[in-house]
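*Asks:* Starting off with a structure, shown below.
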Amino acid sequence: MIQISNLKLQIPHTTKRLKEKALKQLHIREQDLIGFRIAKRSLDARKKPVLYYVYTLELSVKNEAGLQKKNLPKNVNVCKAKPIYAPVPTGTETLAHAPIIAGSGPAGLFCAYSLAKMGYAPVLVERGEDVDTRMQDVEAFWNGGSLKPNSNVQFGEGGAGTFSDGKLNTLVHDKEGRGRAVLETFVKFGAPKKILYDNKPHVGTDILAVVVKRMREEICRLGGQVHFHTQVTELLTEEGKLTGIKLQDTHSGEVTDKPTQALVLAIGHSARDTFEMLKRKEIPMTTKAFAVGVRVEHKQSMINENQYGSAQPDGLPAAPYKLTVNLENGRGVYTFCMCPGGYVVNASSEAGRLAVNGMSYSGRDGQNANSAVIVTVTPEDYGTDDVLAGMAFQRKLEEAAYRAGEGKIPVQLFGDFCEDKASEAEGRVTPQMKGAYHWTNLRPVFPEVIADSLEEGIRSFDQKIKGYADADTVLSGVESRTSSPVRILRDETLQSSVRGLYPCGEGAGYAGGITSAAMDGLKTAEAISRVYRPFDISG
Ligand code: FAD
């Protein structure tokens, strides 16, 4: 396969035109082209309202070797396409028991899927509920029901990303083709094909729910097992090696011992009780920096106008944005997890504590754009040097948010936030929220330096997107689960100093987002396959 990048065409245009341009670049005739596909497509709006798509294509051509010799060195935009991801187990040790994966978020799910495909018959355990039950629990919570500590926006089948915007882009370098493999797996199980080439692919919460369920069915069909409402509560070790775990049924409370030599800890960033267990077991962890702040809402038409030069552009999706600024006080302020046409969600997972996040449906057709605006915090902000101090810091903010909102999502207009006074009603932007909200003063929820940095950051973003700092902009809080407050250390074999323990994904500090967590899941499956023979052959 040959790859051509940087093919730029004005919108609108036909596929025929794209093909012609590619043939011209390769100096070949149409009959020499066997087939082609779009590997990537990004929007160039620098000359708005005249818009362009910039393509990367993968092409299969006759006499590829000859063409490579002739053309590749001359044209910087033409090269060999990336290899196809296909890991092969090379491990020699015998597994007495199936490998266990804790957590069915993207990291755990892709790890289990990959191990199942390689013949390891993995066991996936998830403390929360299957996705259908979970969706009912979360809807009930958003409609005023009580929070279920093991079935909520953070916990349950599909992990934290299930109720999300389903953005699938990642900054992780994809030399081995894992990122491509993740997107192809999404497509195989129900996502639209365009995610394979869109520069900013997204699927929305509705499609994610379908994909995770079908992946689970495939893991079981390949000989794996999936157990819901089953939590890892203890590690059993002998002489520095993992020998088993304790599993608790979160319905009945019953605890059972399960022997295993390999446990993948793909527990996400909100498994606070599990982090406490790991600390008790003296599993090496370090505290890490993350970021906290608020979610902001604007009208999507205002964002479209700024990004595209038109409030309702024909044939283009609701516009995204990404903003960042470094303040003189040394803090970075940036937008994060921006959801075009989305909703702010009550993403809490602990009673008496409140966290928000953003999600959207695949159509991204809600009236507001929302995004987190967050400020970096480092261990110096946490107050103690305990390894779980970052987690305690998150909890403190979430408790303050819960109090400010009287148990509902606390909301405030940006103008009132600047004046440090409670808001009483909406202005031009109507909050689009999943979960009840309450007008209040959010500023005292944050340490002064964070509140001041948020204000300064939002004001500075107005220079990039006019209207961003309007007094009517809606803020809600707190955005506290932006990444893990700890890193669970692992070596080059991806194991902890306790052999057989594989920290993985976002909670362990090795990913940030759905695709990078899924890629880390694949990487961890490869690491296991380099040590052990497939379970069904050795067993
Ligand atoms: P998680 O997805 O957090 O999964 C961990 C799983 O482990 C959970 O299901 C949990 O129940 C389970 N678990 C925890 N402890 C135990 C235990 N002891 N035993 C058994 N099971 C356990 N990212 C994006 O890239 N794009 C987005 O658009 C996006 N939007 C988001 C919107 C929302 C509302 C939220 C909350 C997050 C969003 N994210 C988004 C972040 C993304 O969801 C995470 O980065 C990703 O899910 C991390 O994957 P993970 O597998 O490492 O952990």
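Here, A, B, ... name the chains of the structure tokens in the order displayed, residue numbers run from 1 inside each chain, and ligands are numbered from 1 in the same displayed order.
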Once you count only C-alpha atoms and all ligand atoms, which residues end up within 7 Å of ligand 1, and could you hand them over as a PyMOL selection string?
*Replies:* chain A and resi 102-108+125-128+150+153-169+230-233+266-271+274+337+345+347+357-359+504-507+511-515+517-518
*Asks:* Among the residues of stretch 62-198 of chain A, find those DSSP assigns to strand (DSSP E or B) from the backbone and print them as a list in words.
*Replies:*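 Result set for stretch 62-198 of chain A (strand (DSSP E or B)): Val78, Cys79, Lys80, Glu93, Ile100, Ile101, Ala102, Val123, Leu124, Val125, Lys148, Ser151, Lys167 and Asp198 of chain A.
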*Asks:* Include N, CA and C atoms and write out the residues we just selected as a PDB file, in the first residue's frame.
*Replies:*
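Contents of result-v7.pdb, as written:
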ATOM      1  N   VAL A  78       4.425  11.320  -0.434  1.00  0.00           N
ATOM      2  CA  VAL A  78       4.132   9.925  -0.816  1.00  0.00           C
ATOM      3  C   VAL A  78       5.089   8.994  -0.080  1.00  0.00           C
ATOM      4  N   CYS A  79       4.522   7.966   0.583  1.00  0.00           N
ATOM      5  CA  CYS A  79       5.382   7.007   1.285  1.00  0.00           C
ATOM      6  C   CYS A  79       4.667   5.659   1.386  1.00  0.00           C
ATOM      7  N   LYS A  80       5.325   4.690   1.982  1.00  0.00           N
ATOM      8  CA  LYS A  80       4.681   3.392   2.192  1.00  0.00           C
ATOM      9  C   LYS A  80       3.638   3.525   3.287  1.00  0.00           C
ATOM     10  N   GLU A  93       5.895 -19.275  28.974  1.00  0.00           N
ATOM     11  CA  GLU A  93       5.468 -19.744  30.298  1.00  0.00           C
ATOM     12  C   GLU A  93       4.034 -20.267  30.242  1.00  0.00           C
ATOM     13  N   ILE A 100      -6.855 -12.366  34.255  1.00  0.00           N
ATOM     14  CA  ILE A 100      -8.051 -11.615  34.656  1.00  0.00           C
ATOM     15  C   ILE A 100      -7.837 -10.139  34.339  1.00  0.00           C
ATOM     16  N   ILE A 101      -8.875  -9.502  33.852  1.00  0.00           N
ATOM     17  CA  ILE A 101      -8.817  -8.067  33.576  1.00  0.00           C
ATOM     18  C   ILE A 101      -9.850  -7.407  34.475  1.00  0.00           C
ATOM     19  N   ALA A 102      -9.416  -6.436  35.276  1.00  0.00           N
ATOM     20  CA  ALA A 102     -10.345  -5.694  36.140  1.00  0.00           C
ATOM     21  C   ALA A 102     -10.706  -4.392  35.452  1.00  0.00           C
ATOM     22  N   VAL A 123     -10.731 -13.576  31.597  1.00  0.00           N
ATOM     23  CA  VAL A 123     -11.904 -13.318  32.431  1.00  0.00           C
ATOM     24  C   VAL A 123     -11.935 -11.812  32.714  1.00  0.00           C
ATOM     25  N   LEU A 124     -12.999 -11.167  32.284  1.00  0.00           N
ATOM     26  CA  LEU A 124     -13.139  -9.714  32.490  1.00  0.00           C
ATOM     27  C   LEU A 124     -14.111  -9.485  33.639  1.00  0.00           C
ATOM     28  N   VAL A 125     -13.656  -8.792  34.693  1.00  0.00           N
ATOM     29  CA  VAL A 125     -14.552  -8.504  35.821  1.00  0.00           C
ATOM     30  C   VAL A 125     -14.795  -7.000  35.918  1.00  0.00           C
ATOM     31  N   LYS A 148     -26.118   5.432  42.430  1.00  0.00           N
ATOM     32  CA  LYS A 148     -25.679   4.058  42.715  1.00  0.00           C
ATOM     33  C   LYS A 148     -24.150   4.041  42.702  1.00  0.00           C
ATOM     34  N   SER A 151     -22.823   1.867  39.823  1.00  0.00           N
ATOM     35  CA  SER A 151     -23.453   1.925  38.495  1.00  0.00           C
ATOM     36  C   SER A 151     -23.793   3.379  38.216  1.00  0.00           C
ATOM     37  N   LYS A 167     -15.351  11.156  21.541  1.00  0.00           N
ATOM     38  CA  LYS A 167     -14.257  11.627  20.677  1.00  0.00           C
ATOM     39  C   LYS A 167     -13.209  10.528  20.641  1.00  0.00           C
ATOM     40  N   ASP A 198     -11.817  10.513   9.504  1.00  0.00           N
ATOM     41  CA  ASP A 198     -12.007  11.865  10.037  1.00  0.00           C
ATOM     42  C   ASP A 198     -10.847  12.238  10.952  1.00  0.00           C
TER      43      ASP A 198
END
*Asks:* Of the residues A:Asp273, A:Asp386, A:Asp132, A:Glu58, which is the one nearest to A:Ile2, using only C-alpha atoms?
*Replies:*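 Distance minimum relative to A:Ile2 lands on A:Glu58.
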*Asks:* What is the atom CA of A:Leu109 to atom CA of A:Val210 distance in Å?
*Replies:* 13.5 Å
*Asks:* Residues at most 7 Å from A:Ala351, counting only C-alpha atoms, excluding those fewer than 2 positions away in the same chain, as a PyMOL selection string?
*Replies:* chain A and resi 147+349+353
*Asks:* Quick one: write out the picked residues with C-alpha atoms as a short mmCIF file (atom, residue, chain, number, x, y, z; two decimals), in the first residue's frame?
*Replies:*
data_model
loop_
_atom_site.label_atom_id
_atom_site.label_comp_id
_atom_site.auth_asym_id
_atom_site.auth_seq_id
_atom_site.Cartn_x
_atom_site.Cartn_y
_atom_site.Cartn_z
CA LEU A 147 -26.72 7.70 43.07
CA SER A 349 -19.64 8.45 41.61
CA ARG A 353 -19.60 14.67 46.12
#
*Asks:* Show me, as a short mmCIF file (atom, residue, chain, number, x, y, z; two decimals) with N, CA and C atoms, in the first residue's frame, the residues that have an atom within 6 Å of A:Lys48 when counting only C-alpha atoms, minus same-chain residues fewer than 2 positions from it.
*Replies:*
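Contents of around.cif, freshly written:
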data_model
loop_
_atom_site.label_atom_id
_atom_site.label_comp_id
_atom_site.auth_asym_id
_atom_site.auth_seq_id
_atom_site.Cartn_x
_atom_site.Cartn_y
_atom_site.Cartn_z
N ALA A 45 -9.90 25.54 7.77
CA ALA A 45 -10.82 26.69 7.76
C ALA A 45 -10.05 28.00 7.84
N ARG A 46 -8.75 27.96 7.50
CA ARG A 46 -7.96 29.18 7.68
C ARG A 46 -8.39 30.30 6.74
N VAL A 50 -14.25 30.21 2.78
CA VAL A 50 -13.85 29.17 1.81
C VAL A 50 -13.16 28.06 2.61
N LEU A 51 -13.74 26.83 2.53
CA LEU A 51 -13.25 25.74 3.36
C LEU A 51 -12.65 24.63 2.49
N TYR A 308 -16.41 28.68 11.47
CA TYR A 308 -16.67 28.45 10.05
C TYR A 308 -17.01 29.72 9.27
N GLY A 309 -17.33 30.80 9.99
CA GLY A 309 -17.79 32.00 9.32
C GLY A 309 -19.27 31.95 9.00
#
*Asks:* Using only C-alpha atoms, determine which residues lie at most 10 Å from A:Arg428, disregarding the query and same-chain residues fewer than 4 positions distant; provide the list as a ChimeraX atom specification.
*Replies:* /A:298-299,470-474
*Asks:* Those same residues - N, CA and C atoms - I'd like them written as a short mmCIF file (atom, residue, chain, number, x, y, z; two decimals), in the first residue's frame.
*Replies:*
data_model
loop_
_atom_site.label_atom_id
_atom_site.label_comp_id
_atom_site.auth_asym_id
_atom_site.auth_seq_id
_atom_site.Cartn_x
_atom_site.Cartn_y
_atom_site.Cartn_z
N HIS A 298 -21.76 27.55 25.70
CA HIS A 298 -22.11 28.66 24.79
C HIS A 298 -23.12 28.13 23.79
N LYS A 299 -23.76 29.02 23.08
CA LYS A 299 -24.62 28.57 21.99
C LYS A 299 -23.72 27.99 20.88
N ASP A 470 -18.50 36.19 27.33
CA ASP A 470 -19.74 36.94 27.58
C ASP A 470 -20.22 36.68 29.00
N ALA A 471 -20.84 37.70 29.58
CA ALA A 471 -21.33 37.56 30.96
C ALA A 471 -22.35 36.41 31.07
N ASP A 472 -23.04 36.08 29.97
CA ASP A 472 -24.08 35.04 30.00
C ASP A 472 -23.55 33.62 29.86
N THR A 473 -22.27 33.48 29.60
CA THR A 473 -21.68 32.13 29.47
C THR A 473 -21.97 31.34 30.75
N VAL A 474 -22.42 30.09 30.56
CA VAL A 474 -22.82 29.29 31.74
C VAL A 474 -21.65 28.44 32.22
#
*Asks:* At most 10 Å is the cut-off: for each residue in stretch 221-301 of chain A with any atom that close to an atom of stretch 453-460 of chain A, write down the nearest atom pair and the distance in Å rounded to one decimal, counting only C-alpha atoms, chain first then increasing number, as a tab-separated table.
*Replies:*
residue	atom	partner	partner_atom	distance
A:Val292	CA	A:Leu454	CA	9.6
A:Gly293	CA	A:Leu454	CA	7.1
A:Val294	CA	A:Leu454	CA	8.1
A:Val296	CA	A:Ile458	CA	9.3
*Asks:* Can you work out which one of A:Val212, A:Val486, A:Ile11, A:Met338 has the shortest atom-to-atom distance to A:Leu278, counting only C-alpha atoms?
*Replies:*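 Closest candidate: A:Val486.
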